[in-house]
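Shown next: input.csv, given as CSV, C-alpha atoms and all ligand atoms.
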```csv
chain,number,residue,atom,x,y,z
A,21,MET,CA,-67.3,63.1,-77.8
A,22,ASN,CA,-70.2,62.7,-80.3
A,23,LEU,CA,-70.6,65.5,-82.8
A,24,LYS,CA,-74.0,67.1,-83.5
A,25,GLU,CA,-75.4,68.2,-86.8
A,26,LYS,CA,-74.5,71.8,-86.1
A,27,ASP,CA,-70.8,70.9,-85.9
A,28,PHE,CA,-70.8,70.0,-89.6
A,29,PHE,CA,-71.9,73.3,-91.0
A,30,LEU,CA,-69.2,75.3,-92.7
A,31,HIS,CA,-70.1,78.9,-93.4
A,32,LYS,CA,-68.7,81.3,-95.9
A,33,ASN,CA,-66.9,83.3,-93.3
A,34,GLN,CA,-64.9,80.2,-92.1
A,35,TYR,CA,-62.8,79.8,-95.2
A,36,ALA,CA,-61.3,81.8,-98.1
A,37,ILE,CA,-61.8,80.4,-101.6
A,38,SER,CA,-58.6,82.2,-102.6
A,39,ASN,CA,-56.8,79.4,-100.6
A,40,ASN,CA,-57.9,76.8,-103.0
A,41,LYS,CA,-58.7,78.0,-106.5
A,42,GLU,CA,-58.2,74.6,-108.2
A,43,GLY,CA,-57.1,71.1,-107.5
A,44,GLU,CA,-57.5,67.4,-108.1
A,45,VAL,CA,-58.1,64.7,-105.4
A,46,PHE,CA,-58.4,61.0,-105.6
A,47,LYS,CA,-60.0,58.6,-103.1
A,48,ARG,CA,-60.8,54.9,-102.9
A,49,SER,CA,-63.6,53.4,-100.8
A,50,SER,CA,-64.5,49.8,-100.2
A,51,SER,CA,-68.0,48.3,-100.5
A,52,ASN,CA,-69.3,46.9,-97.2
A,53,ILE,CA,-71.5,44.0,-96.2
A,54,ALA,CA,-73.7,44.4,-93.2
A,55,LEU,CA,-73.8,41.6,-90.5
A,56,ILE,CA,-76.6,43.3,-88.6
A,57,LYS,CA,-78.7,45.0,-91.3
A,58,TYR,CA,-80.0,48.6,-91.5
A,59,TRP,CA,-83.5,48.4,-92.9
A,60,GLY,CA,-85.9,51.2,-92.2
A,61,LYS,CA,-85.3,54.9,-91.7
A,62,LYS,CA,-87.2,57.7,-90.0
A,63,THR,CA,-89.7,59.6,-92.0
A,64,ASN,CA,-89.1,63.3,-92.9
A,65,THR,CA,-85.4,63.0,-92.1
A,66,LEU,CA,-82.4,62.2,-94.2
A,67,GLN,CA,-81.1,58.7,-93.7
A,68,ILE,CA,-81.6,58.4,-90.0
A,69,PRO,CA,-81.7,54.7,-89.3
A,70,LEU,CA,-84.4,53.0,-87.2
A,71,ASN,CA,-81.9,50.5,-85.9
A,72,SER,CA,-78.2,50.2,-85.5
A,73,SER,CA,-76.1,48.2,-87.9
A,74,ILE,CA,-72.6,46.7,-88.2
A,75,SER,CA,-70.7,45.8,-91.3
A,76,PHE,CA,-67.4,44.6,-92.6
A,77,SER,CA,-65.6,46.6,-95.3
A,78,LEU,CA,-64.5,44.5,-98.2
A,79,GLU,CA,-60.9,45.1,-99.2
A,80,LYS,CA,-61.0,44.0,-102.8
A,81,VAL,CA,-64.3,45.5,-103.8
A,82,PHE,CA,-63.9,49.2,-104.2
A,83,THR,CA,-64.7,52.4,-106.1
A,84,GLY,CA,-62.0,54.9,-107.1
A,85,THR,CA,-63.1,58.5,-107.6
A,86,LYS,CA,-61.2,61.5,-108.9
A,87,LEU,CA,-62.5,65.0,-108.3
A,88,ARG,CA,-61.2,67.9,-110.2
A,89,TYR,CA,-62.3,71.4,-109.4
A,90,HIS,CA,-61.7,75.0,-110.3
A,91,VAL,CA,-63.2,78.1,-109.0
A,92,LYS,CA,-66.0,79.9,-111.0
A,93,THR,CA,-65.3,83.4,-112.2
A,94,PRO,CA,-67.8,85.9,-110.9
A,95,PRO,CA,-70.4,86.9,-111.8
A,96,TYR,CA,-71.5,83.3,-111.8
A,97,LYS,CA,-74.7,81.3,-111.7
A,98,LYS,CA,-75.4,79.8,-108.3
A,99,ASN,CA,-76.3,76.4,-109.5
A,100,PHE,CA,-74.0,73.4,-109.3
A,101,SER,CA,-71.6,72.8,-112.1
A,102,VAL,CA,-70.8,69.1,-112.3
A,103,LYS,CA,-69.5,66.9,-115.1
A,104,PHE,CA,-69.6,63.2,-114.4
A,105,PHE,CA,-67.9,60.2,-116.1
A,106,PHE,CA,-68.2,56.5,-115.1
A,107,PHE,CA,-65.5,54.4,-116.7
A,108,GLY,CA,-64.9,57.5,-119.0
A,109,LYS,CA,-68.5,57.7,-120.2
A,110,LYS,CA,-71.2,60.2,-119.2
A,111,LYS,CA,-74.0,58.6,-117.1
A,112,PHE,CA,-77.1,60.7,-116.8
A,113,ILE,CA,-78.7,58.7,-114.0
A,114,PHE,CA,-75.6,58.9,-111.8
A,115,TRP,CA,-75.1,62.5,-112.6
A,116,LYS,CA,-78.7,63.3,-111.4
A,117,LYS,CA,-77.9,61.4,-108.2
A,118,ILE,CA,-74.8,63.5,-107.7
A,119,LEU,CA,-76.8,66.7,-108.1
A,120,VAL,CA,-79.3,65.5,-105.4
A,121,PHE,CA,-76.3,64.6,-103.2
A,122,PHE,CA,-74.7,68.1,-103.7
A,123,TYR,CA,-78.0,69.7,-102.9
A,124,ARG,CA,-78.4,67.7,-99.7
A,125,ILE,CA,-74.9,68.5,-98.5
A,126,SER,CA,-74.6,72.1,-99.7
A,127,SER,CA,-75.5,73.7,-96.3
A,128,TYR,CA,-72.6,71.7,-94.7
A,129,CYS,CA,-70.2,72.5,-97.6
A,130,SER,CA,-71.3,76.0,-98.7
A,131,TYR,CA,-68.3,76.2,-101.1
A,132,LEU,CA,-69.8,73.7,-103.6
A,133,ARG,CA,-71.6,76.3,-105.6
A,134,ASP,CA,-68.4,78.3,-106.1
A,135,TYR,CA,-66.6,75.7,-108.2
A,136,HIS,CA,-66.9,73.7,-111.5
A,137,PHE,CA,-66.4,70.0,-110.8
A,138,THR,CA,-65.4,67.1,-113.0
A,139,ILE,CA,-65.9,63.7,-111.3
A,140,GLU,CA,-64.5,60.5,-112.8
A,141,THR,CA,-65.2,57.2,-111.2
A,142,TYR,CA,-64.6,53.5,-111.7
A,143,ASN,CA,-65.4,50.3,-109.8
A,144,ASN,CA,-62.9,47.4,-109.7
A,145,PHE,CA,-65.7,45.0,-109.7
A,146,PRO,CA,-67.7,44.2,-112.8
A,147,HIS,CA,-70.3,46.7,-113.6
A,148,SER,CA,-73.9,45.4,-113.3
A,149,SER,CA,-72.7,42.4,-111.3
A,150,GLY,CA,-75.5,43.1,-108.8
A,151,ILE,CA,-73.1,44.4,-106.2
A,152,ALA,CA,-74.4,47.8,-105.0
A,153,SER,CA,-71.8,50.4,-105.8
A,154,SER,CA,-73.7,53.3,-104.2
A,155,ALA,CA,-72.0,52.8,-100.8
A,156,SER,CA,-68.4,52.7,-102.1
A,157,PHE,CA,-69.1,55.5,-104.6
A,158,MET,CA,-70.8,57.9,-102.2
A,159,SER,CA,-68.1,57.2,-99.6
A,160,SER,CA,-65.3,57.9,-102.1
A,161,LEU,CA,-67.0,61.1,-103.3
A,162,ALA,CA,-67.5,62.3,-99.7
A,163,LEU,CA,-63.8,61.6,-98.9
A,164,CYS,CA,-62.8,63.6,-102.0
A,165,ILE,CA,-65.0,66.5,-101.0
A,166,MET,CA,-63.4,66.5,-97.5
A,167,GLU,CA,-60.0,66.4,-99.0
A,168,MET,CA,-61.0,69.6,-100.9
A,169,GLU,CA,-62.4,71.1,-97.7
A,170,LYS,CA,-59.1,70.4,-95.9
A,171,GLN,CA,-57.4,72.7,-98.4
A,172,LEU,CA,-59.9,75.4,-97.5
A,173,VAL,CA,-59.7,74.8,-93.8
A,174,PRO,CA,-56.2,73.5,-93.1
A,175,SER,CA,-56.8,73.3,-89.3
A,176,LEU,CA,-59.3,70.5,-89.7
A,177,THR,CA,-58.3,67.4,-87.7
A,178,HIS,CA,-58.1,63.9,-89.1
A,179,SER,CA,-60.8,62.7,-86.7
A,180,PHE,CA,-63.2,65.4,-87.8
A,181,PHE,CA,-62.3,64.8,-91.5
A,182,LEU,CA,-63.4,61.1,-91.2
A,183,LYS,CA,-66.5,61.9,-89.1
A,184,LYS,CA,-67.7,64.6,-91.6
A,185,ALA,CA,-66.9,62.3,-94.6
A,186,SER,CA,-69.1,59.6,-93.0
A,187,PHE,CA,-71.8,62.2,-92.2
A,188,LEU,CA,-71.8,63.4,-95.8
A,189,ALA,CA,-71.6,59.9,-97.3
A,190,ARG,CA,-74.7,59.0,-95.2
A,191,LEU,CA,-76.6,61.8,-97.0
A,192,GLY,CA,-75.8,60.1,-100.3
A,193,SER,CA,-76.7,56.6,-99.3
A,194,GLY,CA,-77.2,55.4,-95.7
A,195,SER,CA,-74.9,52.4,-95.8
A,196,ALA,CA,-72.2,54.5,-97.5
A,197,CYS,CA,-71.3,56.1,-94.1
A,198,ARG,CA,-69.9,52.8,-93.0
A,199,SER,CA,-67.6,52.5,-96.1
A,200,VAL,CA,-65.5,55.4,-94.9
A,201,TYR,CA,-63.7,53.1,-92.5
A,202,PRO,CA,-62.0,49.7,-92.9
A,203,GLY,CA,-62.8,46.7,-90.8
A,204,LEU,CA,-65.9,46.4,-88.6
A,205,VAL,CA,-68.0,49.6,-88.6
A,206,VAL,CA,-71.1,50.6,-86.6
A,207,TRP,CA,-73.7,53.0,-87.6
A,208,GLY,CA,-76.8,54.0,-85.6
A,209,ASN,CA,-77.3,54.7,-81.9
A,210,HIS,CA,-77.0,51.6,-79.7
A,211,LYS,CA,-77.0,51.8,-75.9
A,212,SER,CA,-74.1,49.3,-75.5
A,213,ILE,CA,-71.8,50.9,-78.1
A,214,ILE,CA,-70.0,53.9,-76.9
A,215,GLY,CA,-69.8,56.7,-79.5
A,216,SER,CA,-72.4,55.0,-81.8
A,217,ASN,CA,-74.9,57.5,-83.3
A,218,ASN,CA,-77.3,58.1,-86.1
A,219,LEU,CA,-75.4,60.8,-87.9
A,220,TYR,CA,-72.2,59.1,-88.8
A,221,ALA,CA,-70.5,55.7,-88.5
A,222,ILE,CA,-67.6,54.8,-86.2
A,223,PRO,CA,-65.0,52.0,-86.2
A,224,TYR,CA,-66.2,49.2,-83.9
A,225,PRO,CA,-64.7,50.2,-80.6
A,226,TYR,CA,-64.5,46.9,-78.6
A,227,LYS,CA,-62.4,43.7,-78.5
A,228,ILE,CA,-62.5,41.6,-81.7
A,229,HIS,CA,-61.4,37.9,-81.4
A,230,SER,CA,-58.6,36.9,-83.8
A,231,ILE,CA,-60.9,34.4,-85.6
A,232,PHE,CA,-62.6,37.4,-87.2
A,233,GLN,CA,-59.4,38.8,-88.6
A,234,ASN,CA,-59.1,38.5,-92.4
A,235,LEU,CA,-62.3,36.7,-92.9
A,236,ILE,CA,-63.0,35.8,-96.5
A,237,ASP,CA,-66.1,37.0,-98.2
A,238,THR,CA,-66.8,35.2,-101.5
A,239,ILE,CA,-69.6,36.9,-103.3
A,240,LEU,CA,-71.6,34.6,-105.4
A,241,ILE,CA,-73.2,36.6,-108.2
A,242,ILE,CA,-76.5,34.8,-109.1
A,243,ASP,CA,-78.4,37.7,-110.7
A,244,GLU,CA,-76.8,40.6,-112.6
A,245,THR,CA,-80.0,42.4,-113.5
A,246,PRO,CA,-80.6,45.8,-111.8
A,247,LYS,CA,-82.8,45.6,-108.7
A,248,LYS,CA,-86.5,46.0,-109.4
A,249,ILE,CA,-87.1,47.5,-106.0
A,250,LEU,CA,-84.6,50.0,-104.9
A,251,SER,CA,-83.4,50.1,-101.3
A,252,THR,CA,-85.0,53.6,-100.9
A,253,GLN,CA,-88.4,52.1,-101.6
A,254,GLY,CA,-87.7,49.1,-99.4
A,255,HIS,CA,-86.8,51.3,-96.4
A,256,GLN,CA,-90.0,53.3,-96.9
A,257,LEU,CA,-92.1,50.1,-96.8
A,258,MET,CA,-90.8,49.6,-93.2
A,259,ASN,CA,-92.8,52.6,-92.1
A,260,THR,CA,-96.1,50.8,-92.6
A,261,HIS,CA,-94.8,47.3,-92.1
A,262,PRO,CA,-96.8,45.2,-89.6
A,263,TYR,CA,-93.7,43.6,-88.1
A,264,ALA,CA,-91.5,46.7,-88.1
A,265,LYS,CA,-91.5,47.3,-84.4
A,266,GLU,CA,-90.4,43.7,-83.6
A,267,ARG,CA,-87.7,43.9,-86.3
A,268,PHE,CA,-86.1,47.0,-84.8
A,269,LYS,CA,-86.2,45.4,-81.3
A,270,CYS,CA,-84.7,42.2,-82.7
A,271,ALA,CA,-81.9,44.1,-84.6
A,272,ASN,CA,-80.9,45.9,-81.4
A,273,LYS,CA,-80.9,42.6,-79.4
A,274,ASN,CA,-78.8,41.0,-82.2
A,275,MET,CA,-76.4,43.8,-81.9
A,276,ASP,CA,-75.9,43.0,-78.2
A,277,CYS,CA,-75.4,39.3,-79.1
A,278,MET,CA,-72.8,40.3,-81.8
A,279,ILE,CA,-70.8,42.3,-79.3
A,280,SER,CA,-70.3,39.3,-77.0
A,281,ILE,CA,-69.7,36.9,-80.0
A,282,LEU,CA,-67.0,39.2,-81.4
A,283,GLU,CA,-65.3,39.2,-78.1
A,284,MET,CA,-65.5,35.5,-77.4
A,285,GLY,CA,-64.8,34.3,-81.0
A,286,ASP,CA,-67.6,31.8,-81.2
A,287,PHE,CA,-67.7,31.3,-85.0
A,288,GLN,CA,-70.8,29.1,-85.0
A,289,GLU,CA,-72.8,31.6,-83.1
A,290,PHE,CA,-71.5,34.4,-85.4
A,291,GLY,CA,-72.6,32.4,-88.4
A,292,LYS,CA,-76.0,31.6,-87.1
A,293,LEU,CA,-76.6,35.3,-86.2
A,294,ILE,CA,-75.6,36.6,-89.6
A,295,GLU,CA,-77.8,34.0,-91.4
A,296,HIS,CA,-80.7,34.9,-89.1
A,297,GLU,CA,-80.2,38.6,-89.9
A,298,ALA,CA,-80.0,37.9,-93.7
A,299,LEU,CA,-83.2,35.8,-93.7
A,300,THR,CA,-85.0,38.4,-91.5
A,301,LEU,CA,-84.1,41.2,-94.0
A,302,HIS,CA,-85.6,39.0,-96.8
A,303,ALA,CA,-88.6,38.1,-94.6
A,304,MET,CA,-89.3,41.9,-94.2
A,305,ILE,CA,-89.4,42.6,-97.9
A,306,MET,CA,-91.5,39.4,-98.5
A,307,THR,CA,-94.1,40.6,-96.0
A,308,SER,CA,-94.1,44.3,-97.0
A,309,ASN,CA,-97.0,45.8,-98.8
A,310,PRO,CA,-96.4,45.7,-101.8
A,311,TYR,CA,-94.4,42.5,-101.2
A,312,PHE,CA,-91.3,41.4,-103.1
A,313,LEU,CA,-89.0,38.4,-103.4
A,314,TRP,CA,-85.3,39.0,-104.0
A,315,MET,CA,-84.1,35.4,-104.0
A,316,LYS,CA,-83.9,33.4,-107.2
A,317,PRO,CA,-84.0,29.6,-107.4
A,318,ASN,CA,-80.2,29.4,-107.3
A,319,THR,CA,-80.1,31.5,-104.1
A,320,VAL,CA,-82.2,28.9,-102.3
A,321,GLN,CA,-80.3,26.1,-103.9
A,322,ILE,CA,-77.0,27.4,-102.6
A,323,ILE,CA,-78.3,28.2,-99.2
A,324,HIS,CA,-79.3,24.5,-98.8
A,325,MET,CA,-75.9,23.4,-100.2
A,326,VAL,CA,-74.2,25.6,-97.5
A,327,TRP,CA,-76.3,24.0,-94.8
A,328,ASP,CA,-75.6,20.5,-96.2
A,329,LEU,CA,-71.9,21.1,-96.3
A,330,ARG,CA,-71.9,22.2,-92.7
A,331,ILE,CA,-73.6,19.0,-91.6
A,332,GLN,CA,-71.3,16.8,-93.7
A,333,SER,CA,-68.0,18.5,-93.1
A,334,LYS,CA,-68.4,20.6,-89.9
A,335,LYS,CA,-66.7,23.5,-91.8
A,336,ASN,CA,-67.2,27.1,-90.7
A,337,VAL,CA,-68.9,28.6,-93.7
A,338,TYR,CA,-72.0,30.8,-93.3
A,339,PHE,CA,-73.9,33.1,-95.7
A,340,THR,CA,-75.4,36.6,-95.6
A,341,LEU,CA,-77.5,38.4,-98.1
A,342,ASP,CA,-77.9,41.9,-99.2
A,343,ALA,CA,-81.0,43.4,-100.8
A,344,GLY,CA,-80.9,41.1,-103.8
A,345,ALA,CA,-80.3,37.5,-105.0
A,346,ASN,CA,-76.6,37.3,-104.5
A,347,ILE,CA,-74.9,35.4,-101.7
A,348,HIS,CA,-71.9,36.4,-99.5
A,349,LEU,CA,-70.2,33.4,-98.1
A,350,LEU,CA,-68.1,34.2,-95.0
A,351,TYR,CA,-65.5,31.9,-93.6
A,352,PRO,CA,-62.1,32.1,-91.8
A,353,MET,CA,-58.9,32.3,-93.8
A,354,ASN,CA,-57.8,28.8,-92.6
A,355,GLU,CA,-60.8,27.2,-94.4
A,356,ARG,CA,-59.9,29.0,-97.7
A,357,LEU,CA,-58.4,26.0,-99.5
A,358,PHE,CA,-61.3,23.6,-98.7
A,359,ILE,CA,-64.1,26.1,-99.3
A,360,GLY,CA,-62.4,27.5,-102.4
A,361,LYS,CA,-62.4,24.0,-104.0
A,362,TRP,CA,-66.0,23.4,-103.0
A,363,ILE,CA,-67.1,26.7,-104.5
A,364,LYS,CA,-65.4,25.8,-107.8
A,365,HIS,CA,-66.6,22.3,-108.0
A,366,ASP,CA,-70.1,22.5,-106.6
A,367,LEU,CA,-71.3,26.1,-106.6
A,368,MET,CA,-69.9,27.6,-109.8
A,369,PHE,CA,-72.6,26.0,-111.9
A,370,TYR,CA,-75.3,28.0,-110.1
A,371,CYS,CA,-73.5,31.4,-110.3
A,372,LYS,CA,-72.8,34.0,-113.0
A,373,LYS,CA,-69.6,35.2,-111.4
A,374,ILE,CA,-67.6,34.9,-108.2
A,375,ILE,CA,-65.7,37.6,-106.5
A,376,GLU,CA,-63.4,36.9,-103.5
A,377,SER,CA,-62.8,39.6,-101.0
A,378,ILE,CA,-61.3,39.9,-97.6
A,379,CYS,CA,-63.1,41.6,-94.6
A,380,PHE,CA,-60.4,43.8,-93.4
B,401,LIG,O1,-77.7,52.3,-98.0
B,401,LIG,P1,-79.0,51.8,-98.6
B,401,LIG,O2,-80.0,52.9,-98.5
B,401,LIG,O3,-78.8,51.3,-100.0
B,401,LIG,O4,-79.5,50.6,-97.7
B,401,LIG,C1,-78.8,49.5,-97.5
B,401,LIG,C2,-79.5,48.4,-96.9
B,401,LIG,C3,-78.9,47.0,-96.8
B,401,LIG,O5,-77.8,46.9,-97.7
B,401,LIG,C4,-79.9,46.0,-97.2
B,401,LIG,C5,-78.4,46.7,-95.4
B,401,LIG,C6,-77.2,47.4,-94.9
B,401,LIG,O6,-77.2,47.7,-93.7
B,401,LIG,O7,-76.3,47.6,-95.7
```
What would the structure in this file look like if it were written as structure tokens?
Amino acid sequence: MNLKEKDFFLHKNQYAISNNKEGEVFKRSSSNIALIKYWGKKTNTLQIPLNSSISFSLEKVFTGTKLRYHVKTPPYKKNFSVKFFFFGKKKFIFWKKILVFFYRISSYCSYLRDYHFTIETYNNFPHSSGIASSASFMSSLALCIMEMEKQLVPSLTHSFFLKKASFLARLGSGSACRSVYPGLVVWGNHKSIIGSNNLYAIPYPYKIHSIFQNLIDTILIIDETPKKILSTQGHQLMNTHPYAKERFKCANKNMDCMISILEMGDFQEFGKLIEHEALTLHAMIMTSNPYFLWMKPNTVQIIHMVWDLRIQSKKNVYFTLDAGANIHLLYPMNERLFIGKWIKHDLMFYCKKIIESICF
């Protein structure tokens, strides 16, 4: 049964602070790469997507977050009390984002104003590598908050725990709601996917062919500079985009194609679909007003090299892109040796860094 927004409110009369005066929790969340992309959200709402999306969580690319809390002693000020450290150092920009996040989730977690918090976080991937860490960070923080909530409300079920963690993570950053789960994860209402909804993500509920188990995702870092256009701005541009309607229709159709591909195990069709999705996402930003180009010359160079390799070797290697210049190469585990060598010999020259992960 799908939960509604009202199911996530927790009011003061539903818990006793005396049950949980202080504590420390730690959670890890993986980054994720979307196969069918979320791009565009409803106006005047908080992260309600305009199309459904599906992603793989990336096992070796994660954020770890520790949340320490102790109850304020009354009479206390009703504002949030948060200290934040990223790799042991204060980070003002992230701290501000956390306050916005706390504010957004405070009606669902009414206890947040009653505690002092210290949040310490780190990524296992290089900082400023161009990999978005907001999804893994917001997901790990939402899981920490739910762990704390569980101390206040011990009757809370595991299924509710994960749904609410995903619901909260979504309010931090849309795609973060998918990072709560491993494997293939769906977010956004889609008529063919039972349980899919706009409020929180769910594990992909249908049959997955064994060829998609333990796929490798090698992330080719081409540009390490921070993004000039943030995804928040990019999503907004879809509200006035001349091709937006067609894009949303196409994304939903692609989702249907993905369901049958995942069942049948046709890797070539899978690859063509993810490349089409990646290029469509980039086409959207290129045709926005104002327009923008995320790709760098080396992104285009590598895309052509991937296509050439496929023609020459018939290997199953395909790319996808996020909102930036970096490339994700997806291929089955049994191609690892061949593709690994090719990346080292032929692609390394065009990349700043390479990170290998497993879609789990
Ligand atoms: O979660 P956001 O608001 O950063 O948006 C993410 C959008 C893409 O990464 C481009 C696509 C996706 O579905 O992850």
**Request:** Could you tell me, counting all atoms listed in the file, which protein and nucleic acid residues lie no more than 6 Å from ligand LIG 401 (chain B), written as a ChimeraX atom specification?
**Result:** /A:54,57-59,73,193-196,251-252,342-343
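What separates atom CA of A:Asn259 from atom CA of A:Lys273 is a distance of 20.1 Å.
Atom CA of A:Ile228 to atom CA of A:Leu23 spans 25.3 Å [interatomic distance, one decimal].
Taking atom CA of A:Phe105 and atom CA of A:Lys183 as the two end points, the separation is 27.1 Å.
Using only C-alpha atoms for every distance, the candidate list A:Val173, A:Ile374, A:Val102, A:Cys379 yields A:Val173 as the residue closest to A:Tyr35.
When only C-alpha atoms are used to measure the gap to A:Thr141, the shortest distance among A:Thr83, A:Gly192, A:Lys103, A:Met278 belongs to A:Thr83.
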**Message:** Need the shell around A:Ile213: protein/DNA/RNA residues with any atom at most 9 Å away, counting all atoms listed in the file. Skip same-chain ones fewer than 6 positions apart. Format as a list in words?
**Reply:** Val206, Tyr224, Pro225, Tyr226, Asp276 and Ile279 of chain A
Mind working out the centre and edge lengths of an axis-aligned box for stretch 42-57 of chain A, all listed atoms inside, 5 Å added to each side, rounded to one decimal in Å and written as lines of an AutoDock Vina configuration file?
```
center_x = -67.9
center_y = 58.1
center_z = -98.4
size_x = 31.6
size_y = 43.0
size_z = 29.6
```
**Asked** Counting all atoms listed in the file, what is within 7 Å of stretch 62-68 of chain A, bar same-chain residues fewer than 6 positions away, as a PyMOL selection string?
**Response** chain A and resi 190-191+194+218-219
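Shortest separation to A:Met168 among A:Glu44, A:Glu140, A:Glu295, A:Glu25 occurs at residue A:Glu44, atoms counted being only C-alpha atoms.
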**Message:** For a cutoff of 6 Å around the file-coordinate point (-75.0, 67.1, -94.2), which residues qualify once you count all atoms listed in the file? I'd like the result as a list in words.
**Reply:** Ile125, Tyr128 and Leu188 of chain A
Quick one: everything within 12 Å of A:Lys316, counting only C-alpha atoms, minus sequence neighbours fewer than 3 positions away in the same chain. Send it as a PDB file with C-alpha atoms, keeping the file's coordinate frame.
```pdb
ATOM      1  CA  ILE A 241     -73.200  36.600-108.200  1.00  0.00           C
ATOM      2  CA  ILE A 242     -76.500  34.800-109.100  1.00  0.00           C
ATOM      3  CA  ASP A 243     -78.400  37.700-110.700  1.00  0.00           C
ATOM      4  CA  GLU A 244     -76.800  40.600-112.600  1.00  0.00           C
ATOM      5  CA  THR A 245     -80.000  42.400-113.500  1.00  0.00           C
ATOM      6  CA  HIS A 302     -85.600  39.000 -96.800  1.00  0.00           C
ATOM      7  CA  PHE A 312     -91.300  41.400-103.100  1.00  0.00           C
ATOM      8  CA  LEU A 313     -89.000  38.400-103.400  1.00  0.00           C
ATOM      9  CA  THR A 319     -80.100  31.500-104.100  1.00  0.00           C
ATOM     10  CA  VAL A 320     -82.200  28.900-102.300  1.00  0.00           C
ATOM     11  CA  GLN A 321     -80.300  26.100-103.900  1.00  0.00           C
ATOM     12  CA  ILE A 322     -77.000  27.400-102.600  1.00  0.00           C
ATOM     13  CA  ILE A 323     -78.300  28.200 -99.200  1.00  0.00           C
ATOM     14  CA  GLY A 344     -80.900  41.100-103.800  1.00  0.00           C
ATOM     15  CA  ALA A 345     -80.300  37.500-105.000  1.00  0.00           C
ATOM     16  CA  ASN A 346     -76.600  37.300-104.500  1.00  0.00           C
ATOM     17  CA  ILE A 347     -74.900  35.400-101.700  1.00  0.00           C
ATOM     18  CA  TYR A 370     -75.300  28.000-110.100  1.00  0.00           C
ATOM     19  CA  CYS A 371     -73.500  31.400-110.300  1.00  0.00           C
TER      20      CYS A 371
END
```
